[in-house]
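These notes are about the structure you will find just below.
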Amino acid sequence: MNLTRAAHFVLITATAILLSACGGSEKLTQTRYKVKNYPKEKPFVYYNKIEINNKELNKEEKTILNSSLTTQLNDSMQVKVKESFLVFKKLVDPPVFDSVNAAESARNMEIYLKTIGYYYGTVAHQSTIDTFHAANPGKKEIRAATVFTVNTGPLVKIDSINFLLFDSAYPKQTAALQQLADAHRDKSLLKKDAAFTEDLILSELERLVELYRNNGYYKFSREQLIAEADSFYLPLLNPFLDPFERIRVLREAQKRKEKPVFNVFVRLRPVTDSTVIMPYTTGKVTIYPEYSNAAFDTTRYQTVEYDQLVLKNKANRFRPSFVSSHVYLRPGKVYKLNDLNRTLDDLNSLGTWQLIKIEPIEKPSSLAGKDTGEIDFDFQLVPFKRYTFSADLESVFNQVQQAAVGVAGNLIGFGLNLGIRNRNFLHRGIQFSNTLRFGVESGIGNFNPGLQAIELTYSSSLSIPKLVFLKQGIQSRFNQKRSFVTATASYIDRNINANGLYSLNNINISAGWQASINKPVRTTTFTLQPVNVEFVKLYDLSKPFKDTLDKNPFLRFSFQQGLVMGLAGSYLRTRKLSEFKTLYFRIGLEESGLTWGRALRSFPTIRNQLFTYLKGDVELKYSKVNANKTTWVFRTIAGAGYNFSDTASMPFFKQFTGGGPNSMRGWPLRSIGPGSRPLDPRGARGQFFSRSGDFIFEANAEYRYNIFTIIPNTAVIRGALFTDVGNVWNFRNRSNLGNDTVVVRLKNFVRDLGVSAGTGVRLDFVGLFVIRFDFAFRLKNPSLPFSEKNNGWRLPEISWKNIFSANEENRQWRYENFNFSIGINYPF
C-alpha cells in the first residue's frame, strides 16, 4: 500500500466513524453509550446538550465556554460517562430526571454568563423523554435528553474606570487612600474596552488591597472595597442639547445598546473602624531561632540585639548575621506585606526550620487616636535536628552458565553506604552532606574465585543559602538563592587478580550559584557554574577487556578518558500563558579549555588530557490542556557542540544522542544518526548502540488522554498519540572525507531527518510517578537507502506477525521499523 492510498484509506475511515457517531438526524436519546445502574421505570438523565449562539466566538472559545457551562448543571442533572480507549463510553448511575432541576440549571448558566461579561445572556431549555429497548426486550430504559440553548448576547465591556475612595468622616485618612490609588492607576487591571467580568473586578480589588497593605495599611482588607457598574449614558441628561446634537447622542446611545459598556466605580465602604484606614509601621521584631513546642519560658532564652532585631537564643546554634539576612522586617519602617511574605518564603526554603510561626502584636498606643499605628512581630522558629545519619547495606548475586572475557560467572557483592547531613553547618544554615560508599565483589564456584572488585566513593556537597561573593543588592532581586559546591571522587578496581577488567578513577567538582525569581505567572531560574571539573582515568586493563573494547565501539567510547575544566550555566523560564496554556524555555551553555581551563594548559599533564570544546542547547516546550481534559504537548530542542581539539568530534560523553524513551521513540537509545549513516547489521540480543553527534535537532508532538480510572485521584491509566522528528549529526568526520553522510549539511537537512509515530499507555500514580509503555514505528529512516518515490517516506507493513513473531525475518523487520520502550514519568 503506497502513501497516497494509505492516506485516502485513513481519511475515509475516520470520516465514516465520525458520521456514524454524530449523525445529524440521530435523536439525542438514541444509542450514544451503554447505561449501567439506571433507575427502573423512571426517566433518567441520559444526555445534556448545550448549544451556544454567538457568531463572534471561534470553535476553541465555544468549547471552553461549553465546558464551563456544563459545570453549572444542577447536581441531579450531571451525567458520569466513563471513557475507555477514546471509543468505548459508559453512562454510570444516572440520576432520575426532574424538569425542576433542568430549569435550575438554566438559571445557573445565566448567572454564570453575567460573571464573564454576558449580562444580557439568556438560556432556554427543552427536554425530550423516550423509551429505549435494549437487546433484551424485557429491559427498557426511559431516557431524558435536554437541550440548553444559550444566547449569550453581546459581551459587555468597560468604558471608564473611577476610584472614589473618600469618606467625609475621615477626610485626611481617605484622601491618602485616594492619592495612593491615583498614583498607581497605570497598574490597574481595568482597561477601557476590556471585558467586564467578575474575575477581573475581583482581581482589581485584590490589587488595591495588596497596594495598601504594602504601604502600611496592615488591617486593610477586601471587605473595605466595593465595585459598582453603571451603564447609563450621561449625555442623555443634558437638557441644553440642540436638536442635531440630541440626534447624535441618541444614535450613540443606540450603538451602546448594541455593544453595551459599563462605567466602573471602585468605592470605599463606610468606615466603622478607623484603624482599618490607619497606616502602620513595624515595631519590635523578635526572633526565637531555637524555639521548642515545650512550655514557653522567657527565662530560658538569652537576648542578643543585632541589626535592629532582637534574637532570643538558648544555645547560640545560629549566628545572628545568618538569621538577620533572611528577615526583611525592620523597626521604624512602613509595614509592607511583601516584606513579611518574602521573609516567610526565605525561611521556609532554607530547610533549617521545620515549623515557622509568626505572631503579630498590635501595640495599644495605636488605638489612641494617633495618625499611625505600630505593630510588633514575634517569629517562633522550630529547628530540625542538626545532624541526620543514614546507613544501608546492599547485596547482589549474579549467576551465569559460563565466563566471558575473564569475568567470574558467579558473583556475589556487598555495598555499604554511610551518610551524614548537617543542616546548620558553621551555624549559618548551610546544608553539608557527606556520603561514603564501600563495595566489594567476589567470585564463587569454579570461575575466578576470591576477591574480584573493590569500589570506594566519597561524595560531599555544600548548599549555602546566599549568593556568596555577590553584593546584597543583587541578592535582593531573587526569591530563592543558594551557592553550591559538590565534589565526588571514586576509585574502582575490577582487575585485582590481573585477569579481570580494569581500574578506574573518576573525579567531579562543581561550584556556583543558583537563584530563582518567582512571580504569579512565571518562574525564572538562573544557574552559573564558574567551576566545572570532570576527570576520568582508565588504567590497568586486562587483555580480555582490551580485546572487548577493540571489538565494541560503544564500550570503547563509554570508557573515553580525559579532563573537562571550564564553565557551565543555564537559564530556565516557565510561564503560564493562561489557565490552560504553559510555555517552558531553557537554554544551557558549557565549555572546557577556553577560559580558566586554558590558563592551566601550561602544565603538560593537563594539556595532554584537557578537552577543549564549546557546547550549547535550547529547548522550548508548549502545553495546552483542553476542555475535555486531554492535553497537547509540543517540544523543540536544538543543540550544538564544537571540539577545538585535534580530534574530529566532541568527547563521546558530551555528545548529543537520540532514541530511547525520552527522545526519538521509534529508535532504541543511541541508535539514530549521525546523519544518514547506514544501519548497522543486527547483532545478538542486548546489542549495544553507540551513535551520537555534535549537533541535534528534534521536534515532538504528543496528544495525551485518559483511558480508565482505577482509583480516583490515585491511579489512572492514560494513553498518548505522538510523533517525533529529528536526528543528530557531526560537524566534522575526517575518516570519511569526500563522501560524508554523517556531517550536517543544509542541503541534506530534510533528507537526514528521522520521523516516527506511535502510541503509548501510561500508568499514572497521581502525584507520585508515571510508568510509561511506548510503541513507535519509523515512517522515515535516514539509515536506510533513500527511495526516489515519496522522498524516502514509507509506511511500515504493520502486522501481528511482524510485531510479535520470533522468526528471523520478523525480527529483522522490527530492527528496521519498530521500537518498544519503557520509561518513568513523561518524556517531556
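Labels used: A, B, ... for chains in the order of the C-alpha cells, numbers from 1 for residues in each chain, and numbers from 1 for ligands as shown.
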* Asked: Where in region 376-532 of chain A does DSSP assign strand (DSSP E), given as a count of residues only?
  -> 108
Neighbouring residues of Asn706 (chain A) were defined as those with any atom within 7 Å, considering only C-alpha atoms; residues of the same chain fewer than 4 positions away were excluded. Please report them as a short mmCIF file (atom, residue, chain, number, x, y, z; two decimals) with N, CA, C and O atoms, in the first residue's frame.
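Output (result-v3.cif):
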```
data_model
loop_
_atom_site.label_atom_id
_atom_site.label_comp_id
_atom_site.auth_asym_id
_atom_site.auth_seq_id
_atom_site.Cartn_x
_atom_site.Cartn_y
_atom_site.Cartn_z
N ILE A 717 -5.13 5.06 34.24
CA ILE A 717 -4.49 4.59 33.01
C ILE A 717 -4.73 5.65 31.94
O ILE A 717 -5.86 6.02 31.65
N ARG A 718 -3.67 6.16 31.36
CA ARG A 718 -3.76 7.20 30.34
C ARG A 718 -3.15 6.68 29.03
O ARG A 718 -2.37 5.73 29.02
N GLY A 719 -3.50 7.34 27.96
CA GLY A 719 -2.96 6.98 26.65
C GLY A 719 -2.34 8.18 25.98
O GLY A 719 -2.50 9.33 26.41
#
```
* Write out as a PyMOL selection string the residues lying within 9 Å of Phe557 (chain A), counting only C-alpha atoms and excluding same-chain residues fewer than 3 positions away. => chain A and resi 549+552-554+560-561+651-653+690
Could you dump the residues just selected with all heavy atoms as a PDB file, in the first residue's frame?
```
ATOM      1  N   LEU A 549      37.096  -4.009  24.124  1.00  0.00           N
ATOM      2  CA  LEU A 549      36.992  -2.610  23.721  1.00  0.00           C
ATOM      3  C   LEU A 549      37.279  -2.436  22.242  1.00  0.00           C
ATOM      4  O   LEU A 549      36.621  -1.632  21.556  1.00  0.00           O
ATOM      5  CB  LEU A 549      37.943  -1.744  24.538  1.00  0.00           C
ATOM      6  CG  LEU A 549      37.671  -1.602  26.041  1.00  0.00           C
ATOM      7  CD1 LEU A 549      38.680  -0.655  26.668  1.00  0.00           C
ATOM      8  CD2 LEU A 549      36.260  -1.101  26.297  1.00  0.00           C
ATOM      9  N   ASN A 552      34.148  -3.511  20.323  1.00  0.00           N
ATOM     10  CA  ASN A 552      32.877  -2.853  20.614  1.00  0.00           C
ATOM     11  C   ASN A 552      33.076  -1.349  20.733  1.00  0.00           C
ATOM     12  O   ASN A 552      33.524  -0.856  21.774  1.00  0.00           O
ATOM     13  CB  ASN A 552      32.280  -3.414  21.920  1.00  0.00           C
ATOM     14  CG  ASN A 552      30.826  -3.024  22.090  1.00  0.00           C
ATOM     15  OD1 ASN A 552      30.460  -1.880  21.894  1.00  0.00           O
ATOM     16  ND2 ASN A 552      30.011  -4.004  22.455  1.00  0.00           N
ATOM     17  N   PRO A 553      32.726  -0.565  19.693  1.00  0.00           N
ATOM     18  CA  PRO A 553      32.930   0.894  19.739  1.00  0.00           C
ATOM     19  C   PRO A 553      32.158   1.562  20.867  1.00  0.00           C
ATOM     20  O   PRO A 553      32.638   2.524  21.458  1.00  0.00           O
ATOM     21  CB  PRO A 553      32.432   1.363  18.365  1.00  0.00           C
ATOM     22  CG  PRO A 553      32.475   0.148  17.493  1.00  0.00           C
ATOM     23  CD  PRO A 553      32.217  -1.018  18.391  1.00  0.00           C
ATOM     24  N   PHE A 554      30.957   1.047  21.162  1.00  0.00           N
ATOM     25  CA  PHE A 554      30.162   1.684  22.210  1.00  0.00           C
ATOM     26  C   PHE A 554      30.883   1.630  23.551  1.00  0.00           C
ATOM     27  O   PHE A 554      30.992   2.630  24.252  1.00  0.00           O
ATOM     28  CB  PHE A 554      28.800   0.996  22.314  1.00  0.00           C
ATOM     29  CG  PHE A 554      27.985   1.486  23.480  1.00  0.00           C
ATOM     30  CD1 PHE A 554      27.357   2.722  23.425  1.00  0.00           C
ATOM     31  CD2 PHE A 554      27.854   0.733  24.630  1.00  0.00           C
ATOM     32  CE1 PHE A 554      26.615   3.188  24.491  1.00  0.00           C
ATOM     33  CE2 PHE A 554      27.112   1.193  25.705  1.00  0.00           C
ATOM     34  CZ  PHE A 554      26.489   2.424  25.630  1.00  0.00           C
ATOM     35  N   GLN A 560      35.893   6.511  27.442  1.00  0.00           N
ATOM     36  CA  GLN A 560      36.789   7.552  26.956  1.00  0.00           C
ATOM     37  C   GLN A 560      37.356   8.346  28.124  1.00  0.00           C
ATOM     38  O   GLN A 560      36.634   8.776  29.021  1.00  0.00           O
ATOM     39  CB  GLN A 560      36.035   8.474  26.002  1.00  0.00           C
ATOM     40  CG  GLN A 560      36.933   9.436  25.246  1.00  0.00           C
ATOM     41  CD  GLN A 560      36.165  10.187  24.166  1.00  0.00           C
ATOM     42  OE1 GLN A 560      34.949  10.123  24.111  1.00  0.00           O
ATOM     43  NE2 GLN A 560      36.876  10.886  23.306  1.00  0.00           N
ATOM     44  N   GLN A 561      38.647   8.562  28.118  1.00  0.00           N
ATOM     45  CA  GLN A 561      39.331   9.267  29.194  1.00  0.00           C
ATOM     46  C   GLN A 561      39.522  10.728  28.832  1.00  0.00           C
ATOM     47  O   GLN A 561      39.514  11.101  27.657  1.00  0.00           O
ATOM     48  CB  GLN A 561      40.700   8.648  29.459  1.00  0.00           C
ATOM     49  CG  GLN A 561      40.675   7.182  29.816  1.00  0.00           C
ATOM     50  CD  GLN A 561      42.071   6.672  30.072  1.00  0.00           C
ATOM     51  OE1 GLN A 561      42.691   6.990  31.081  1.00  0.00           O
ATOM     52  NE2 GLN A 561      42.590   5.878  29.147  1.00  0.00           N
ATOM     53  N   PRO A 651      33.903  15.098  22.764  1.00  0.00           N
ATOM     54  CA  PRO A 651      34.074  13.913  23.612  1.00  0.00           C
ATOM     55  C   PRO A 651      32.773  13.111  23.642  1.00  0.00           C
ATOM     56  O   PRO A 651      31.674  13.669  23.683  1.00  0.00           O
ATOM     57  CB  PRO A 651      34.394  14.508  24.984  1.00  0.00           C
ATOM     58  CG  PRO A 651      34.922  15.868  24.704  1.00  0.00           C
ATOM     59  CD  PRO A 651      34.246  16.345  23.470  1.00  0.00           C
ATOM     60  N   PHE A 652      32.891  11.803  23.597  1.00  0.00           N
ATOM     61  CA  PHE A 652      31.723  10.947  23.465  1.00  0.00           C
ATOM     62  C   PHE A 652      30.701  11.224  24.559  1.00  0.00           C
ATOM     63  O   PHE A 652      29.500  11.320  24.290  1.00  0.00           O
ATOM     64  CB  PHE A 652      32.171   9.481  23.513  1.00  0.00           C
ATOM     65  CG  PHE A 652      31.033   8.506  23.514  1.00  0.00           C
ATOM     66  CD1 PHE A 652      30.323   8.242  22.358  1.00  0.00           C
ATOM     67  CD2 PHE A 652      30.667   7.852  24.681  1.00  0.00           C
ATOM     68  CE1 PHE A 652      29.263   7.354  22.359  1.00  0.00           C
ATOM     69  CE2 PHE A 652      29.621   6.959  24.691  1.00  0.00           C
ATOM     70  CZ  PHE A 652      28.925   6.710  23.522  1.00  0.00           C
ATOM     71  N   PHE A 653      31.154  11.384  25.808  1.00  0.00           N
ATOM     72  CA  PHE A 653      30.218  11.548  26.912  1.00  0.00           C
ATOM     73  C   PHE A 653      29.618  12.950  26.961  1.00  0.00           C
ATOM     74  O   PHE A 653      28.763  13.234  27.802  1.00  0.00           O
ATOM     75  CB  PHE A 653      30.892  11.225  28.252  1.00  0.00           C
ATOM     76  CG  PHE A 653      32.117  12.031  28.553  1.00  0.00           C
ATOM     77  CD1 PHE A 653      32.036  13.208  29.260  1.00  0.00           C
ATOM     78  CD2 PHE A 653      33.366  11.603  28.121  1.00  0.00           C
ATOM     79  CE1 PHE A 653      33.164  13.964  29.538  1.00  0.00           C
ATOM     80  CE2 PHE A 653      34.502  12.339  28.397  1.00  0.00           C
ATOM     81  CZ  PHE A 653      34.406  13.528  29.100  1.00  0.00           C
ATOM     82  N   SER A 690      25.942   2.891  19.641  1.00  0.00           N
ATOM     83  CA  SER A 690      26.920   3.909  20.039  1.00  0.00           C
ATOM     84  C   SER A 690      26.865   5.144  19.163  1.00  0.00           C
ATOM     85  O   SER A 690      27.857   5.822  18.972  1.00  0.00           O
ATOM     86  CB  SER A 690      28.336   3.308  19.975  1.00  0.00           C
ATOM     87  OG  SER A 690      28.626   2.846  18.652  1.00  0.00           O
TER      88      SER A 690
END
```
* Got a sec: who's within 8 Å of Tyr642 (chain A), counting only C-alpha atoms, leaving out chain neighbours fewer than 6 positions off, as an NGL selection string? -> :A and (613-615 or 649-650 or 694 or 731)
* Pick out the residues sitting within 9 Å of region 45-54 of chain A, and hand them over as a ChimeraX atom specification; count only C-alpha atoms, and ignore anything fewer than 2 positions along from it in its own chain. => /A:28-29,32,35,43,56-58,62,65-66,69-70,76-79,91,94-98,142-154
* Asked: Which one is closest to Ile492 (chain A): A:Gln452, A:Asn518, A:Asn313, A:Ser460? Count only C-alpha atoms.
  ->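 Going through A:Gln452, A:Asn518, A:Asn313, A:Ser460 one by one, the smallest distance to Ile492 (chain A) is for A:Gln452.
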* Would you mind writing down, as a list in words, each residue of region 320-500 of chain A that DSSP on the backbone assigns to helix (DSSP H, G or I)? =>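 DSSP-assigned helix (DSSP H, G or I) residues in region 320-500 of chain A: Pro320, Ser321, Phe322, Val323, Ser324, Leu337, Asn338, Asp339, Leu340, Asn341, Arg342, Thr343, Leu344, Asp345, Asp346, Leu347, Asn348, Ser349, Pro364, Ser365, Ser366, Leu367, Gln472, Gly473, Ile474 and Gln475 of chain A.
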For the residues in the current selection, export N, CA and C atoms as an mmCIF file, in the first residue's frame.
```cif
data_model
loop_
_atom_site.group_PDB
_atom_site.id
_atom_site.type_symbol
_atom_site.label_atom_id
_atom_site.label_comp_id
_atom_site.auth_asym_id
_atom_site.auth_seq_id
_atom_site.Cartn_x
_atom_site.Cartn_y
_atom_site.Cartn_z
ATOM 1 N N PRO A 320 23.759 35.320 64.507
ATOM 2 C CA PRO A 320 22.812 36.423 64.293
ATOM 3 C C PRO A 320 22.832 36.962 62.865
ATOM 4 N N SER A 321 24.006 37.032 62.244
ATOM 5 C CA SER A 321 24.095 37.562 60.876
ATOM 6 C C SER A 321 23.339 36.676 59.892
ATOM 7 N N PHE A 322 23.350 35.356 60.131
ATOM 8 C CA PHE A 322 22.617 34.429 59.259
ATOM 9 C C PHE A 322 21.115 34.640 59.391
ATOM 10 N N VAL A 323 20.631 34.715 60.616
ATOM 11 C CA VAL A 323 19.197 34.909 60.832
ATOM 12 C C VAL A 323 18.757 36.260 60.273
ATOM 13 N N SER A 324 19.540 37.279 60.532
ATOM 14 C CA SER A 324 19.185 38.631 60.099
ATOM 15 C C SER A 324 19.083 38.740 58.582
ATOM 16 N N LEU A 337 3.434 44.161 53.278
ATOM 17 C CA LEU A 337 3.077 42.753 53.218
ATOM 18 C C LEU A 337 4.126 41.948 52.454
ATOM 19 N N ASN A 338 4.706 42.543 51.420
ATOM 20 C CA ASN A 338 5.723 41.844 50.627
ATOM 21 C C ASN A 338 6.930 41.474 51.477
ATOM 22 N N ASP A 339 7.318 42.361 52.406
ATOM 23 C CA ASP A 339 8.461 42.053 53.277
ATOM 24 C C ASP A 339 8.154 40.863 54.172
ATOM 25 N N LEU A 340 6.931 40.780 54.647
ATOM 26 C CA LEU A 340 6.548 39.662 55.502
ATOM 27 C C LEU A 340 6.507 38.358 54.702
ATOM 28 N N ASN A 341 5.890 38.397 53.523
ATOM 29 C CA ASN A 341 5.805 37.187 52.691
ATOM 30 C C ASN A 341 7.181 36.731 52.234
ATOM 31 N N ARG A 342 8.027 37.681 51.910
ATOM 32 C CA ARG A 342 9.374 37.323 51.462
ATOM 33 C C ARG A 342 10.167 36.674 52.588
ATOM 34 N N THR A 343 9.984 37.175 53.802
ATOM 35 C CA THR A 343 10.644 36.565 54.958
ATOM 36 C C THR A 343 10.178 35.125 55.142
ATOM 37 N N LEU A 344 8.876 34.913 55.054
ATOM 38 C CA LEU A 344 8.343 33.551 55.201
ATOM 39 C C LEU A 344 8.884 32.627 54.126
ATOM 40 N N ASP A 345 8.871 33.068 52.872
ATOM 41 C CA ASP A 345 9.361 32.238 51.768
ATOM 42 C C ASP A 345 10.833 31.898 51.955
ATOM 43 N N ASP A 346 11.611 32.881 52.366
ATOM 44 C CA ASP A 346 13.053 32.681 52.557
ATOM 45 C C ASP A 346 13.320 31.670 53.669
ATOM 46 N N LEU A 347 12.662 31.837 54.796
ATOM 47 C CA LEU A 347 12.885 30.942 55.932
ATOM 48 C C LEU A 347 12.440 29.518 55.606
ATOM 49 N N ASN A 348 11.332 29.383 54.876
ATOM 50 C CA ASN A 348 10.844 28.048 54.515
ATOM 51 C C ASN A 348 11.759 27.348 53.525
ATOM 52 N N SER A 349 12.379 28.111 52.635
ATOM 53 C CA SER A 349 13.215 27.499 51.599
ATOM 54 C C SER A 349 14.565 27.019 52.118
ATOM 55 N N PRO A 364 -1.062 48.805 72.046
ATOM 56 C CA PRO A 364 -2.261 49.533 72.491
ATOM 57 C C PRO A 364 -2.242 51.001 72.101
ATOM 58 N N SER A 365 -1.079 51.611 72.022
ATOM 59 C CA SER A 365 -0.996 53.040 71.710
ATOM 60 C C SER A 365 -1.535 53.351 70.323
ATOM 61 N N SER A 366 -1.572 52.348 69.470
ATOM 62 C CA SER A 366 -2.046 52.593 68.114
ATOM 63 C C SER A 366 -3.549 52.785 68.055
ATOM 64 N N LEU A 367 -4.251 52.509 69.173
ATOM 65 C CA LEU A 367 -5.699 52.662 69.205
ATOM 66 C C LEU A 367 -6.111 53.950 69.896
ATOM 67 N N GLN A 472 24.732 42.528 48.135
ATOM 68 C CA GLN A 472 23.400 42.341 48.687
ATOM 69 C C GLN A 472 22.331 42.878 47.746
ATOM 70 N N GLY A 473 22.645 43.938 47.005
ATOM 71 C CA GLY A 473 21.676 44.491 46.070
ATOM 72 C C GLY A 473 21.292 43.495 44.993
ATOM 73 N N ILE A 474 22.250 42.695 44.544
ATOM 74 C CA ILE A 474 21.963 41.662 43.538
ATOM 75 C C ILE A 474 21.143 40.548 44.164
ATOM 76 N N GLN A 475 21.498 40.159 45.388
ATOM 77 C CA GLN A 475 20.805 39.050 46.030
ATOM 78 C C GLN A 475 19.348 39.386 46.328
#
```
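Taking only C-alpha atoms into account, Glu198 (chain A) lies nearest to A:Thr115 out of the set A:Ser127, A:Thr115, A:Ser645, A:Thr524.
Between CA of Met109 (chain A) and CA of Thr122 (chain A) the separation is 8.4 Å.
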Selection near region 670-679 of chain A, 6 Å with only C-alpha atoms, sequence-local residues under 4 positions removed, as a PDB file with N, CA, C and O atoms, in the first residue's frame:
```pdb
ATOM      1  N   THR A 657      22.630  12.635  21.854  1.00  0.00           N
ATOM      2  CA  THR A 657      22.150  11.325  21.411  1.00  0.00           C
ATOM      3  C   THR A 657      20.645  11.390  21.167  1.00  0.00           C
ATOM      4  O   THR A 657      19.936  12.225  21.734  1.00  0.00           O
ATOM      5  N   GLY A 658      20.161  10.492  20.322  1.00  0.00           N
ATOM      6  CA  GLY A 658      18.735  10.393  20.038  1.00  0.00           C
ATOM      7  C   GLY A 658      18.257   8.973  20.257  1.00  0.00           C
ATOM      8  O   GLY A 658      19.046   8.029  20.351  1.00  0.00           O
ATOM      9  N   GLY A 659      16.957   8.813  20.317  1.00  0.00           N
ATOM     10  CA  GLY A 659      16.376   7.494  20.552  1.00  0.00           C
ATOM     11  C   GLY A 659      16.137   7.239  22.026  1.00  0.00           C
ATOM     12  O   GLY A 659      16.520   8.022  22.900  1.00  0.00           O
ATOM     13  N   PHE A 689      24.330   0.117  21.122  1.00  0.00           N
ATOM     14  CA  PHE A 689      24.322   1.144  20.096  1.00  0.00           C
ATOM     15  C   PHE A 689      25.206   2.296  20.566  1.00  0.00           C
ATOM     16  O   PHE A 689      25.209   2.637  21.751  1.00  0.00           O
ATOM     17  N   SER A 690      25.942   2.891  19.641  1.00  0.00           N
ATOM     18  CA  SER A 690      26.920   3.909  20.039  1.00  0.00           C
ATOM     19  C   SER A 690      26.865   5.144  19.163  1.00  0.00           C
ATOM     20  O   SER A 690      27.857   5.822  18.972  1.00  0.00           O
ATOM     21  N   ARG A 691      25.705   5.452  18.624  1.00  0.00           N
ATOM     22  CA  ARG A 691      25.588   6.600  17.719  1.00  0.00           C
ATOM     23  C   ARG A 691      25.356   7.885  18.515  1.00  0.00           C
ATOM     24  O   ARG A 691      24.515   7.928  19.407  1.00  0.00           O
ATOM     25  N   GLY A 693      26.290  12.552  18.234  1.00  0.00           N
ATOM     26  CA  GLY A 693      26.721  13.599  17.324  1.00  0.00           C
ATOM     27  C   GLY A 693      26.984  14.911  18.028  1.00  0.00           C
ATOM     28  O   GLY A 693      26.666  15.105  19.204  1.00  0.00           O
ATOM     29  N   ASN A 727      17.173  14.185  14.454  1.00  0.00           N
ATOM     30  CA  ASN A 727      18.370  13.376  14.234  1.00  0.00           C
ATOM     31  C   ASN A 727      19.537  14.072  14.929  1.00  0.00           C
ATOM     32  O   ASN A 727      19.404  15.171  15.472  1.00  0.00           O
ATOM     33  N   VAL A 728      20.684  13.411  14.903  1.00  0.00           N
ATOM     34  CA  VAL A 728      21.939  14.012  15.358  1.00  0.00           C
ATOM     35  C   VAL A 728      22.935  13.954  14.198  1.00  0.00           C
ATOM     36  O   VAL A 728      22.850  13.081  13.336  1.00  0.00           O
ATOM     37  N   TRP A 729      23.865  14.910  14.195  1.00  0.00           N
ATOM     38  CA  TRP A 729      24.878  14.997  13.150  1.00  0.00           C
ATOM     39  C   TRP A 729      26.229  15.332  13.768  1.00  0.00           C
ATOM     40  O   TRP A 729      26.303  15.767  14.921  1.00  0.00           O
ATOM     41  N   THR A 741      28.302  11.364   4.908  1.00  0.00           N
ATOM     42  CA  THR A 741      26.851  11.397   5.141  1.00  0.00           C
ATOM     43  C   THR A 741      26.509  11.678   6.597  1.00  0.00           C
ATOM     44  O   THR A 741      25.334  11.803   6.926  1.00  0.00           O
ATOM     45  N   VAL A 742      27.505  11.760   7.477  1.00  0.00           N
ATOM     46  CA  VAL A 742      27.222  11.970   8.895  1.00  0.00           C
ATOM     47  C   VAL A 742      27.354  13.429   9.303  1.00  0.00           C
ATOM     48  O   VAL A 742      27.017  13.797  10.424  1.00  0.00           O
ATOM     49  N   ASP A 752      17.967  13.999   5.950  1.00  0.00           N
ATOM     50  CA  ASP A 752      18.545  13.255   7.070  1.00  0.00           C
ATOM     51  C   ASP A 752      17.620  13.136   8.272  1.00  0.00           C
ATOM     52  O   ASP A 752      17.955  12.444   9.238  1.00  0.00           O
ATOM     53  N   PRO A 782      16.499   7.605   8.192  1.00  0.00           N
ATOM     54  CA  PRO A 782      17.647   8.094   7.422  1.00  0.00           C
ATOM     55  C   PRO A 782      18.762   7.069   7.270  1.00  0.00           C
ATOM     56  O   PRO A 782      19.659   7.273   6.458  1.00  0.00           O
ATOM     57  N   SER A 783      18.715   5.985   8.030  1.00  0.00           N
ATOM     58  CA  SER A 783      19.777   4.986   7.936  1.00  0.00           C
ATOM     59  C   SER A 783      19.595   4.035   6.766  1.00  0.00           C
ATOM     60  O   SER A 783      20.522   3.325   6.388  1.00  0.00           O
TER      61      SER A 783
END
```
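Using only C-alpha atoms, the smallest distance between any of A:Glu305, A:Glu362, A:Glu702, A:Glu394 and Thr723 (chain A) comes from A:Glu702.
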* Just give me the gap between CA of Gly616 (chain A) and CA of Phe695 (chain A) in Å, one decimal is fine. => 9.6 Å
